[in-house]
Every structure is written in structure tokens, then in C-alpha cells.
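Source file structure-v2.cif; content: mmCIF, C-alpha atoms.
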```
data_entry
loop_
_atom_site.label_atom_id
_atom_site.label_comp_id
_atom_site.auth_asym_id
_atom_site.auth_seq_id
_atom_site.Cartn_x
_atom_site.Cartn_y
_atom_site.Cartn_z
CA MET M 291 -19.21 37.43 -28.24
CA LYS M 292 -22.37 35.91 -26.85
CA LYS M 293 -24.65 38.09 -24.77
CA LYS M 294 -26.98 36.74 -22.13
CA THR M 295 -30.61 37.16 -23.23
CA GLU M 296 -33.94 35.87 -22.00
CA ASN M 297 -33.63 33.00 -24.49
CA HIS M 298 -30.03 32.14 -23.80
CA ARG M 299 -28.48 31.46 -20.45
CA ILE M 300 -24.69 31.70 -20.54
CA THR M 301 -23.27 28.24 -19.93
CA LEU M 302 -19.97 26.86 -18.76
CA LYS M 303 -19.33 25.79 -22.35
CA ASP M 304 -19.80 29.40 -23.49
CA VAL M 305 -17.16 30.51 -21.00
CA ALA M 306 -14.79 27.77 -22.21
CA THR M 307 -15.20 28.84 -25.84
CA HIS M 308 -14.64 32.50 -24.97
CA ALA M 309 -11.52 31.70 -22.90
CA GLY M 310 -10.13 29.21 -25.42
CA VAL M 311 -9.96 26.38 -22.89
CA SER M 312 -11.91 23.19 -22.19
CA ALA M 313 -15.10 23.09 -20.17
CA ILE M 314 -13.28 20.89 -17.64
CA THR M 315 -10.67 23.62 -17.15
CA VAL M 316 -13.39 26.19 -16.51
CA SER M 317 -15.04 23.86 -13.99
CA ARG M 318 -11.72 23.22 -12.28
CA THR M 319 -10.96 26.95 -12.14
CA ILE M 320 -14.24 27.58 -10.36
CA ARG M 321 -14.12 24.63 -7.95
CA SER M 322 -10.39 24.04 -7.39
CA PRO M 323 -8.47 27.13 -8.59
CA GLN M 324 -5.27 25.91 -6.93
CA LEU M 325 -5.07 23.19 -9.58
CA VAL M 326 -4.97 25.67 -12.46
CA SER M 327 -2.10 27.95 -13.51
CA GLU M 328 -2.38 31.64 -12.71
CA SER M 329 -2.49 32.64 -16.38
CA VAL M 330 -5.38 30.27 -17.12
CA ARG M 331 -7.23 31.41 -13.98
CA LYS M 332 -7.02 35.03 -15.10
CA ARG M 333 -8.21 34.20 -18.62
CA VAL M 334 -11.18 32.20 -17.35
CA ARG M 335 -12.08 34.88 -14.81
CA ARG M 336 -12.03 37.58 -17.50
CA SER M 337 -14.38 35.47 -19.63
CA ILE M 338 -16.73 34.87 -16.70
CA ASP M 339 -16.89 38.61 -16.02
CA ALA M 340 -17.28 39.49 -19.70
CA LEU M 341 -20.13 37.05 -20.26
CA GLY M 342 -21.80 37.51 -16.90
CA TYR M 343 -21.71 33.78 -16.22
CA VAL M 344 -23.34 32.64 -13.00
CA PRO M 345 -22.66 28.98 -11.96
CA ASP M 346 -25.75 26.85 -11.48
CA ALA M 347 -25.72 26.18 -7.75
CA ALA M 348 -28.09 23.21 -8.05
CA ALA M 349 -25.99 21.60 -10.77
CA SER M 350 -22.83 22.28 -8.81
CA THR M 351 -24.27 20.61 -5.73
CA LEU M 352 -25.42 17.61 -7.77
CA ALA M 353 -22.01 17.29 -9.45
CA SER M 354 -20.17 17.28 -6.14
CA THR M 355 -22.43 14.79 -4.37
CA ARG M 356 -20.56 11.77 -3.11
CA THR M 357 -21.79 8.22 -3.13
CA ASP M 358 -21.76 5.97 -0.06
CA VAL M 359 -19.08 3.79 -1.63
CA ILE M 360 -15.52 3.54 -0.36
CA GLY M 361 -13.04 2.62 -3.06
CA LEU M 362 -10.41 0.06 -2.08
CA LEU M 363 -7.40 -0.65 -4.29
CA ILE M 364 -5.22 -3.65 -3.44
CA PRO M 365 -2.54 -5.42 -5.47
CA SER M 366 -3.87 -8.96 -5.06
CA LEU M 367 -7.07 -10.84 -4.32
CA THR M 368 -5.25 -14.14 -3.78
CA ASN M 369 -2.56 -12.96 -1.35
CA SER M 370 -3.78 -14.12 2.06
CA VAL M 371 -2.15 -11.10 3.70
CA PHE M 372 -5.04 -8.93 2.52
CA THR M 373 -7.71 -11.28 3.87
CA ASP M 374 -7.32 -9.98 7.42
CA VAL M 375 -7.24 -6.38 6.18
CA LEU M 376 -10.54 -6.93 4.35
CA ARG M 377 -12.05 -8.55 7.42
CA GLY M 378 -11.12 -5.50 9.47
CA LEU M 379 -12.57 -3.14 6.89
CA TYR M 380 -15.87 -5.01 6.59
CA ASP M 381 -16.25 -5.47 10.35
CA ALA M 382 -15.66 -1.77 10.95
CA LEU M 383 -18.23 -0.77 8.30
CA GLU M 384 -20.92 -3.21 9.46
CA GLY M 385 -24.12 -1.35 10.29
CA SER M 386 -23.04 1.84 8.52
CA ARG M 387 -24.48 3.20 5.29
CA PHE M 388 -21.16 2.69 3.49
CA SER M 389 -20.10 -0.18 1.27
CA ILE M 390 -16.75 -1.17 -0.25
CA GLN M 391 -15.92 -1.48 -3.91
CA ILE M 392 -12.70 -3.45 -4.46
CA ALA M 393 -10.30 -3.15 -7.38
CA ASN M 394 -7.26 -5.36 -7.95
CA TYR M 395 -4.36 -3.70 -9.77
CA ARG M 396 -2.13 -6.80 -9.76
CA TYR M 397 1.01 -4.99 -8.61
CA SER M 398 0.93 -2.73 -11.71
CA PRO M 399 1.30 1.00 -10.88
CA GLU M 400 -0.09 1.91 -14.30
CA THR M 401 -3.21 -0.19 -13.73
CA GLU M 402 -3.57 1.35 -10.28
CA GLU M 403 -3.49 4.84 -11.82
CA LYS M 404 -6.25 3.93 -14.29
CA LEU M 405 -8.39 2.46 -11.51
CA VAL M 406 -7.94 5.58 -9.38
CA ARG M 407 -9.26 7.67 -12.28
CA THR M 408 -12.25 5.33 -12.60
CA PHE M 409 -13.02 5.48 -8.88
CA LEU M 410 -12.77 9.27 -8.71
CA ASN M 411 -15.21 9.59 -11.62
CA GLN M 412 -17.69 7.60 -9.52
CA LYS M 413 -17.40 10.15 -6.66
CA PRO M 414 -16.55 7.81 -3.76
CA ALA M 415 -17.02 8.82 -0.15
CA GLY M 416 -13.37 7.93 0.45
CA MET M 417 -10.51 5.90 -0.93
CA ILE M 418 -8.17 3.34 0.63
CA LEU M 419 -5.02 2.24 -1.18
CA ALA M 420 -2.26 -0.24 -0.34
CA GLY M 421 1.13 1.40 -0.06
CA VAL M 422 2.69 4.74 -0.97
CA ASP M 423 4.36 3.84 -4.26
CA GLN M 424 1.88 5.19 -6.78
CA THR M 425 2.95 6.87 -10.01
CA GLU M 426 3.44 10.65 -9.92
CA ALA M 427 0.31 11.13 -12.01
CA CYS M 428 -1.65 8.92 -9.63
CA ARG M 429 -0.40 10.86 -6.62
CA ARG M 430 -1.52 14.13 -8.22
CA LEU M 431 -4.97 12.63 -8.76
CA LEU M 432 -5.15 11.58 -5.12
CA GLN M 433 -3.91 14.95 -3.86
CA ALA M 434 -6.71 16.64 -5.79
CA ALA M 435 -9.34 14.09 -4.78
CA PRO M 436 -12.47 15.65 -3.21
CA CYS M 437 -12.65 12.88 -0.61
CA PRO M 438 -10.49 11.50 2.23
CA VAL M 439 -7.64 9.23 1.10
CA VAL M 440 -5.98 6.65 3.37
CA GLN M 441 -2.91 4.68 2.34
CA ILE M 442 -2.41 1.47 4.30
CA MET M 443 0.13 -1.30 4.99
CA ASP M 444 3.12 1.08 5.24
CA SER M 445 4.45 3.71 7.60
CA ASP M 446 7.60 4.28 5.50
CA GLY M 447 7.30 6.90 2.78
CA GLU M 448 5.35 10.07 2.06
CA ALA M 449 1.58 9.85 2.20
CA VAL M 450 -0.83 11.80 0.02
CA ASP M 451 -3.21 12.29 2.94
CA SER M 452 -3.07 9.82 5.82
CA LEU M 453 -0.98 6.69 6.34
CA ILE M 454 -1.73 3.64 8.50
CA GLY M 455 0.57 0.62 8.72
CA LEU M 456 4.01 -0.42 9.86
CA SER M 457 7.65 0.09 8.95
CA HIS M 458 8.70 -2.83 6.78
CA PHE M 459 12.29 -1.59 6.94
CA ASP M 460 12.31 -1.75 10.73
CA ALA M 461 10.56 -5.12 10.66
CA GLY M 462 13.19 -6.51 8.28
CA ARG M 463 15.92 -5.28 10.59
CA ALA M 464 14.26 -6.78 13.66
CA ALA M 465 13.76 -10.20 12.06
CA THR M 466 17.37 -10.29 10.89
CA GLY M 467 18.60 -9.10 14.26
CA HIS M 468 16.70 -11.94 15.91
CA LEU M 469 18.48 -14.50 13.72
CA ALA M 470 21.87 -12.97 14.47
CA ASP M 471 21.10 -12.82 18.20
CA GLN M 472 20.42 -16.57 18.15
CA GLY M 473 23.99 -17.18 16.99
CA TYR M 474 23.49 -17.52 13.22
CA ARG M 475 26.25 -15.84 11.21
CA ARG M 476 25.76 -16.85 7.55
CA ILE M 477 22.28 -15.43 7.04
CA GLY M 478 20.55 -15.41 3.66
CA PHE M 479 17.48 -13.72 2.20
CA LEU M 480 14.83 -15.23 -0.07
CA GLY M 481 12.25 -13.01 -1.75
CA ALA M 482 9.47 -13.41 -4.30
CA ARG M 483 7.55 -10.77 -6.23
CA MET M 484 9.63 -8.07 -4.47
CA ASP M 485 6.95 -5.41 -4.40
CA PRO M 486 7.93 -2.15 -2.65
CA ARG M 487 7.11 -3.47 0.84
CA SER M 488 9.27 -6.55 0.25
CA GLN M 489 12.04 -4.31 -1.01
CA ARG M 490 11.89 -2.33 2.22
CA ARG M 491 12.10 -5.57 4.24
CA PHE M 492 15.19 -6.52 2.26
CA ALA M 493 16.66 -3.06 2.85
CA GLY M 494 16.19 -3.60 6.59
CA PHE M 495 17.77 -7.07 6.33
CA ARG M 496 20.80 -5.66 4.52
CA SER M 497 21.17 -2.70 6.86
CA GLU M 498 21.15 -4.93 9.96
CA LEU M 499 23.73 -7.35 8.58
CA GLU M 500 25.99 -4.60 7.24
CA GLU M 501 25.99 -3.01 10.67
CA ARG M 502 27.07 -6.35 12.16
CA GLY M 503 29.61 -7.01 9.39
CA LEU M 504 27.71 -10.11 8.22
CA PHE M 505 26.16 -9.13 4.89
CA ASP M 506 27.04 -11.34 1.91
CA PRO M 507 25.34 -10.57 -1.44
CA ASN M 508 25.88 -14.22 -2.46
CA ARG M 509 23.25 -15.17 0.10
CA VAL M 510 20.48 -13.14 -1.53
CA VAL M 511 18.09 -14.85 -3.97
CA THR M 512 14.99 -13.09 -5.30
CA THR M 513 12.54 -13.60 -8.14
CA PRO M 514 9.73 -11.57 -9.73
CA LYS M 515 7.51 -14.66 -9.64
CA ALA M 516 4.46 -14.77 -7.41
CA SER M 517 5.11 -16.29 -4.00
CA SER M 518 4.15 -19.87 -3.16
CA VAL M 519 5.17 -22.65 -0.81
CA GLY M 520 6.68 -24.63 -3.67
CA LEU M 521 8.72 -21.62 -4.76
CA GLY M 522 10.27 -21.47 -1.29
CA GLY M 523 11.86 -24.88 -1.82
CA THR M 524 13.11 -23.87 -5.26
CA LEU M 525 14.71 -20.68 -3.97
CA LEU M 526 16.39 -22.60 -1.14
CA SER M 527 17.96 -24.92 -3.70
CA ASP M 528 19.19 -21.89 -5.66
CA LEU M 529 20.64 -20.37 -2.51
CA PHE M 530 22.44 -23.54 -1.46
CA ALA M 531 23.92 -23.83 -4.97
CA ARG M 532 25.54 -20.44 -4.43
CA ALA M 533 26.23 -20.52 -0.69
CA PRO M 534 25.92 -24.06 0.72
CA ASP M 535 27.15 -23.01 4.17
CA THR M 536 24.18 -20.67 4.79
CA ASP M 537 22.95 -21.30 8.34
CA ALA M 538 19.82 -19.11 8.53
CA ILE M 539 17.29 -17.55 6.16
CA PHE M 540 14.93 -14.61 6.37
CA CYS M 541 12.06 -15.02 3.89
CA ASN M 542 9.95 -12.10 2.76
CA ASN M 543 6.76 -14.01 3.63
CA ASP M 544 5.51 -17.13 5.40
CA ASP M 545 4.66 -19.02 2.19
CA LEU M 546 8.31 -19.05 1.16
CA ALA M 547 9.41 -19.84 4.70
CA ALA M 548 7.12 -22.89 4.83
CA GLY M 549 8.57 -24.09 1.52
CA VAL M 550 12.10 -23.64 2.90
CA LEU M 551 11.20 -25.71 5.95
CA PHE M 552 9.72 -28.54 3.87
CA GLU M 553 12.72 -28.61 1.52
CA ALA M 554 15.15 -28.58 4.44
CA GLN M 555 13.34 -31.53 6.01
CA ARG M 556 13.37 -33.37 2.68
CA ARG M 557 17.15 -32.91 2.56
CA GLY M 558 17.61 -34.07 6.16
CA ILE M 559 18.78 -30.64 7.35
CA ARG M 560 18.10 -30.11 11.04
CA VAL M 561 15.93 -27.07 11.83
CA PRO M 562 16.79 -25.02 13.86
CA GLU M 563 20.16 -26.60 14.72
CA ASP M 564 21.71 -26.41 11.24
CA LEU M 565 19.34 -23.93 9.62
CA GLY M 566 17.29 -21.16 11.18
CA ILE M 567 14.18 -19.92 9.33
CA CYS M 568 12.19 -16.73 9.85
CA GLY M 569 9.13 -15.74 7.83
CA PHE M 570 7.02 -12.61 7.64
CA ASN M 571 3.32 -11.83 8.34
CA ASP M 572 2.71 -14.66 10.86
CA LEU M 573 -0.06 -16.35 8.93
CA GLU M 574 -2.31 -18.73 10.85
CA MET M 575 -0.61 -21.80 9.35
CA SER M 576 2.79 -20.75 10.68
CA ARG M 577 2.15 -21.70 14.27
CA HIS M 578 0.94 -25.18 13.20
CA LEU M 579 4.03 -26.24 11.24
CA ASN M 580 6.45 -28.68 12.84
CA PRO M 581 8.55 -27.03 14.12
CA ALA M 582 6.40 -23.93 14.38
CA LEU M 583 7.65 -21.07 12.23
CA THR M 584 9.31 -17.98 13.67
CA SER M 585 7.72 -15.00 11.94
CA VAL M 586 7.00 -11.27 12.10
CA ALA M 587 3.43 -10.60 13.19
CA THR M 588 1.82 -7.65 11.39
CA PRO M 589 -1.42 -5.91 12.52
CA ARG M 590 -3.39 -6.53 9.35
CA TYR M 591 -6.88 -6.66 10.89
CA ARG M 592 -6.25 -3.51 12.89
CA ILE M 593 -4.97 -1.73 9.78
CA GLY M 594 -8.40 -2.33 8.24
CA THR M 595 -10.38 -1.11 11.26
CA GLU M 596 -8.16 1.95 11.75
CA ALA M 597 -8.48 2.91 8.08
CA VAL M 598 -12.27 2.89 8.35
CA ALA M 599 -12.22 4.78 11.67
CA HIS M 600 -10.09 7.51 10.12
CA LEU M 601 -12.34 7.81 7.08
CA MET M 602 -15.44 8.04 9.28
CA ARG M 603 -13.90 10.87 11.32
CA ALA M 604 -12.92 12.71 8.15
CA LEU M 605 -16.41 12.34 6.65
CA GLU M 606 -18.25 13.35 9.81
CA ALA M 607 -16.15 16.45 10.48
CA PRO M 608 -14.16 17.34 7.34
CA GLU M 609 -13.33 20.80 8.66
CA SER M 610 -11.48 19.32 11.64
CA ALA M 611 -9.97 16.26 9.94
CA GLU M 612 -6.19 16.18 10.19
CA ARG M 613 -3.59 14.28 8.24
CA GLN M 614 -2.33 11.33 10.29
CA ASP M 615 0.61 8.96 10.09
CA ILE M 616 -0.15 5.95 12.29
CA ASN M 617 2.54 3.33 12.84
CA LEU M 618 0.85 0.26 14.35
CA GLY M 619 4.13 -1.62 14.77
CA PHE M 620 4.98 -5.32 14.49
CA GLU M 621 6.29 -8.17 16.64
CA VAL M 622 8.91 -10.83 15.99
CA ILE M 623 7.41 -14.10 17.26
CA PRO M 624 10.21 -16.62 18.07
CA ARG M 625 9.19 -20.25 17.56
CA GLY M 626 10.77 -23.59 16.81
CA THR M 627 12.53 -22.71 13.54
CA THR M 628 15.08 -20.47 15.28
CA LYS M 629 17.27 -21.46 18.18
CA ARG M 630 18.10 -19.49 21.29
CA GLN M 631 21.63 -18.27 21.91
CA GLY M 632 23.66 -21.20 23.18
CA GLY M 633 20.73 -23.57 22.59
#
```

Can I see the file as C-alpha cells?
Amino acid sequence: MKKKTENHRITLKDVATHAGVSAITVSRTIRSPQLVSESVRKRVRRSIDALGYVPDAAASTLASTRTDVIGLLIPSLTNSVFTDVLRGLYDALEGSRFSIQIANYRYSPETEEKLVRTFLNQKPAGMILAGVDQTEACRRLLQAAPCPVVQIMDSDGEAVDSLIGLSHFDAGRAATGHLADQGYRRIGFLGARMDPRSQRRFAGFRSELEERGLFDPNRVVTTPKASSVGLGGTLLSDLFARAPDTDAIFCNNDDLAAGVLFEAQRRGIRVPEDLGICGFNDLEMSRHLNPALTSVATPRYRIGTEAVAHLMRALEAPESAERQDINLGFEVIPRGTTKRQGG
């Protein structure tokens, strides 16, 4: 056993060797004992007492210092949905000492987990992540993170810390209910990529139609491919091959909906008389189509500003920061691609 002498200061590594654990485990036991099993805690504590180890306060302070960087993890840099979120984030941070570091995990939960580990090693001031569908290992990392964590875009699901977004399930129900209220009865669904938020929109679509006795699985066409306007036309063709009498379609985003509109016009199908179309996200282009596209408006810019506001409150007064679930809602915007009842 090593004894502390004038020439040898007992180190964290000495404690780890004495306890038969890693230096990281010793560090974790000292700083975050709740993350270590009771048996390991007792073993490490006995070694600390036996060796007379005293943690280096200066080193501990240095090791726990945060940067002024906020880590942002999003699944796509090309999806225009995140453009407004980024604008909100950057506008809210303007003039502050904080900056944003962006990572794109390309809809891969495993890549997201690796990026979270990388960010945490860089000691960010806070972290913002899209959605609540991380791997279990990733969620454990976030729960143990020594900084505020905000998950955005959703209000469905269980947050690690705080959650800011909207219910995609409720939005899917509302969009489908709008189509049914306009008199459409053979309503289909087209979806691309089908990430967890799109899956919740589809769940809302299905729930609404089942409640009305109108759901038909033959009218559902999805693909794992990335969304595009051209893909919307392709999926419409696939749907009509299976269910040619479909009279309305809810698309999981506006890109697909625009493609459906163009393909319907190419085929000479009257919109909205013979085919109603509803998109999702209410992108800027949607109101300029002819006819203008009915869509679900989502508060993407506000999601960005609210995420920053929450992080700032948590950083300024961590002792009083509270977990928050903020549902910012949505709005179905009726336009020319859906008809009014009796119209």
C-alpha cells in the first residue's frame, strides 16, 4: 500500500489501483456518486480513507469548467424544416457570449449517440437535440450530463430534461379531421423517411380515421427514401395503383404534397374537387402553389428561440431551473387544395 510522503502526493490513480477500479470510476464516485453502484462507492471510499487522498480542488474546478458552446444535434442539414429552427436559435443567441456547434446525425440513433459522447467530452454549456427517440445508452448519457439539455420538435414522449415542441400525433389527427370534415371519405396517407415524428403523424392519421370508421390500410404508402417533390408524384402513382378511388391525401410533409399536386395536375385530376391534398409544416412555398396548399403550420422559429431562452435561464440560475414540457401547438391552414363542406 502506498503511503503519502513529502515526495509523493496520493493521486486519483493511486486510489483507483488500491480499489481495483478505473480512474474514471473513482472520479465519478467523487463527483456523481449516484451514477455508481453502492458496492463500488464503498470500495472507493475505503481506499480514499486508507490512502488519505484529498482531491485537488483546482484541478476539479478546471475539469468541470464549461465552454461557451451550445451543442446542437439535428438529423438533417438539407431538410428545410430545420432552417427556421436554426434561425430562431441564432437570433436568440445574437449578442450573447454563446455560440452553436452543429452536428448532423443523419437520422441514425447510433450516430447520434456517438456525437453526444463527443459533445459531452468538450464540456458544452448546454445541449439541444431534435426529438425524444434516442437510444437507451444515449439517454443515460444525457441524464448524467453536467449541463442543461433541451429536446425540441416534439411534445409527445418522455424528455430527459426539458421538452419544447408540438404533438405530431395531435397534428396528424387534426389534419386528417380537416379532410374528413370537408366531405372526403376515401383518405390516403403518403410518407417518406418515416422518422419518429412522421410515425406519430401517421398514428394520428390512423386514429382519426379509425374513430370515424374510414381507415383503409390499402390507402397507406410509405418509403424509407428521403423526401422530395418528385417522390411525391411517384408515391401518388403507387397509391392510385392500389386504391384508384382515393379522394384525399394527407402527406407527411409539404415536399411530398407539392409533388402530389403536380402529378394530379399532369393527370388532369381536379384539385380540390376530385382530390384533396394536405401537407405538413407549411413551408413558404406552399402558399404560392396554384392552388395554394392546405398544410399544418408548425412553430419552428419559436421552438428555436424558446430552446435558447430555457437554456439561458438554466445557466443563469441552475439552482432554480426546473424541468419544463412546453407544447407550442400547431395550426391547420386551409387553402385551395381542400374543399369546404358542400363546396

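Reported to one decimal place, the separation of CA of Val440 (chain M) from CA of Tyr591 (chain M) is 15.3 Å.
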
Apply the PyMOL selection byres ((chain M and resi 319-325) around 12) to the displayed file and report the matching residues as JSON, numbers by chain. {"M": [302, 305, 306, 309, 311, 312, 313, 314, 315, 316, 317, 318, 326, 327, 328, 329, 330, 331, 332, 333, 334, 335, 336, 337, 338, 343, 344, 345, 346, 347, 350, 351, 353, 354, 430, 431, 433, 434, 435, 436]}

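Minimum distance to Ala538 (chain M) across M:Glu500, M:Asp615, M:Asp381, M:Asp564 (counting all atoms listed in the file) occurs at M:Asp564.
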
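Here CA of Tyr380 (chain M) and CA of Gly455 (chain M) stand 17.5 Å from one another.
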
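If you look at CA of Leu405 (chain M) and CA of Asn543 (chain M), they are 27.0 Å away from each other.
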
Translate the PyMOL selection byres ((chain M and resi 524-533) around 12), as applied to the file shown, into an explicit residue set as a PyMOL selection string. chain M and resi 476-482+506-515+517-523+534-542+545-557+559+565+567

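Every protein or nucleic acid residue with an atom no more than 10 Å from Ser370 (chain M), counting only C-alpha atoms and leaving out same-chain residues fewer than 3 positions away, appears here: Ser366, Leu367, Thr373, Asp374, Val375, Asp545, Asn571 and Leu573 of chain M.
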
Which is closest to Gln441 (chain M) among M:Gly494, M:Gly569, M:Pro581, M:Gly361, if we use all atoms listed in the file? M:Gly361

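By chain and then residue number, the residues within 10 Å of Ile616 (chain M) are M:Ile442, M:Asp444, M:Ser445, M:Ser452, M:Leu453, M:Ile454, M:Gly455, M:Leu456, M:Ile593, M:Glu596, M:Ala597, M:Arg613, M:Gly619, counting all atoms listed in the file and disregarding those fewer than 3 positions away in sequence.
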
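For the set M:Ala420, M:Val439, M:Ala470, M:Val371, the residue with the smallest atom-to-atom gap to Phe570 (chain M) is M:Val371, counting all atoms listed in the file.
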
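Against the coordinates shown, the PyMOL selection byres ((chain M and resi 357) around 12) returns Leu352, Ala353, Ser354, Thr355, Arg356, Asp358, Val359, Ile360, Gly361, Arg387, Phe388, Ser389, Ile390, Gln391, Phe409, Leu410, Asn411, Gln412, Lys413, Pro414, Ala415, Gly416, Met417, Pro436, Cys437 and Leu605 of chain M.
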
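Here the question is which of M:Ala465, M:Ala493, M:Leu601, M:Ala516 gets nearest to Asn369 (chain M) using all atoms listed in the file, and that residue is M:Ala516.
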
Shell of 7 Å around Val622 (chain M), all atoms listed in the file, local chain residues under 4 positions omitted, as an MDAnalysis selection string: chainID M and resid 465 585:587

Determine the nearest neighbour of Asp451 (chain M) from the options M:Ala340, M:Ile418, M:Leu583, M:Ile300, counting all atoms listed in the file. M:Ile418

Counting all atoms listed in the file, the residue of M:Gly462, M:Arg496, M:Gln472, M:Ala449 that sits nearest Gln614 (chain M): M:Ala449

Atoms added to region 397-413 of chain M (N, CA and C atoms), reported as a JSON list (two decimals), keeping the file's coordinate frame:
```
[["chain", "number", "residue", "atom", "x", "y", "z"],
["M", 397, "TYR", "N", -0.35, -5.49, -8.80],
["M", 397, "TYR", "CA", 1.01, -4.99, -8.61],
["M", 397, "TYR", "C", 1.49, -4.12, -9.78],
["M", 398, "SER", "N", 0.57, -3.60, -10.58],
["M", 398, "SER", "CA", 0.93, -2.73, -11.71],
["M", 398, "SER", "C", 0.59, -1.29, -11.36],
["M", 399, "PRO", "N", 1.58, -0.41, -11.19],
["M", 399, "PRO", "CA", 1.30, 1.00, -10.88],
["M", 399, "PRO", "C", 0.46, 1.68, -11.96],
["M", 400, "GLU", "N", 0.67, 1.30, -13.21],
["M", 400, "GLU", "CA", -0.09, 1.91, -14.30],
["M", 400, "GLU", "C", -1.57, 1.53, -14.22],
["M", 401, "THR", "N", -1.82, 0.25, -13.90],
["M", 401, "THR", "CA", -3.21, -0.19, -13.73],
["M", 401, "THR", "C", -3.84, 0.50, -12.53],
["M", 402, "GLU", "N", -3.07, 0.66, -11.46],
["M", 402, "GLU", "CA", -3.57, 1.35, -10.28],
["M", 402, "GLU", "C", -3.99, 2.78, -10.63],
["M", 403, "GLU", "N", -3.17, 3.46, -11.41],
["M", 403, "GLU", "CA", -3.49, 4.84, -11.82],
["M", 403, "GLU", "C", -4.81, 4.88, -12.58],
["M", 404, "LYS", "N", -5.01, 3.96, -13.52],
["M", 404, "LYS", "CA", -6.25, 3.93, -14.29],
["M", 404, "LYS", "C", -7.45, 3.67, -13.38],
["M", 405, "LEU", "N", -7.29, 2.78, -12.42],
["M", 405, "LEU", "CA", -8.39, 2.46, -11.51],
["M", 405, "LEU", "C", -8.71, 3.64, -10.60],
["M", 406, "VAL", "N", -7.70, 4.39, -10.19],
["M", 406, "VAL", "CA", -7.94, 5.58, -9.38],
["M", 406, "VAL", "C", -8.78, 6.57, -10.16],
["M", 407, "ARG", "N", -8.46, 6.77, -11.44],
["M", 407, "ARG", "CA", -9.26, 7.67, -12.28],
["M", 407, "ARG", "C", -10.72, 7.19, -12.34],
["M", 408, "THR", "N", -10.90, 5.89, -12.51],
["M", 408, "THR", "CA", -12.25, 5.33, -12.60],
["M", 408, "THR", "C", -13.02, 5.56, -11.30],
["M", 409, "PHE", "N", -12.37, 5.29, -10.18],
["M", 409, "PHE", "CA", -13.02, 5.48, -8.88],
["M", 409, "PHE", "C", -13.41, 6.94, -8.67],
["M", 410, "LEU", "N", -12.49, 7.86, -8.96],
["M", 410, "LEU", "CA", -12.77, 9.27, -8.71],
["M", 410, "LEU", "C", -13.93, 9.76, -9.57],
["M", 411, "ASN", "N", -14.07, 9.22, -10.76],
["M", 411, "ASN", "CA", -15.21, 9.59, -11.62],
["M", 411, "ASN", "C", -16.53, 9.13, -11.02],
["M", 412, "GLN", "N", -16.48, 8.12, -10.16],
["M", 412, "GLN", "CA", -17.69, 7.60, -9.52],
["M", 412, "GLN", "C", -18.01, 8.30, -8.20],
["M", 413, "LYS", "N", -17.19, 9.31, -7.85],
["M", 413, "LYS", "CA", -17.40, 10.15, -6.66],
["M", 413, "LYS", "C", -17.53, 9.32, -5.37]]
```
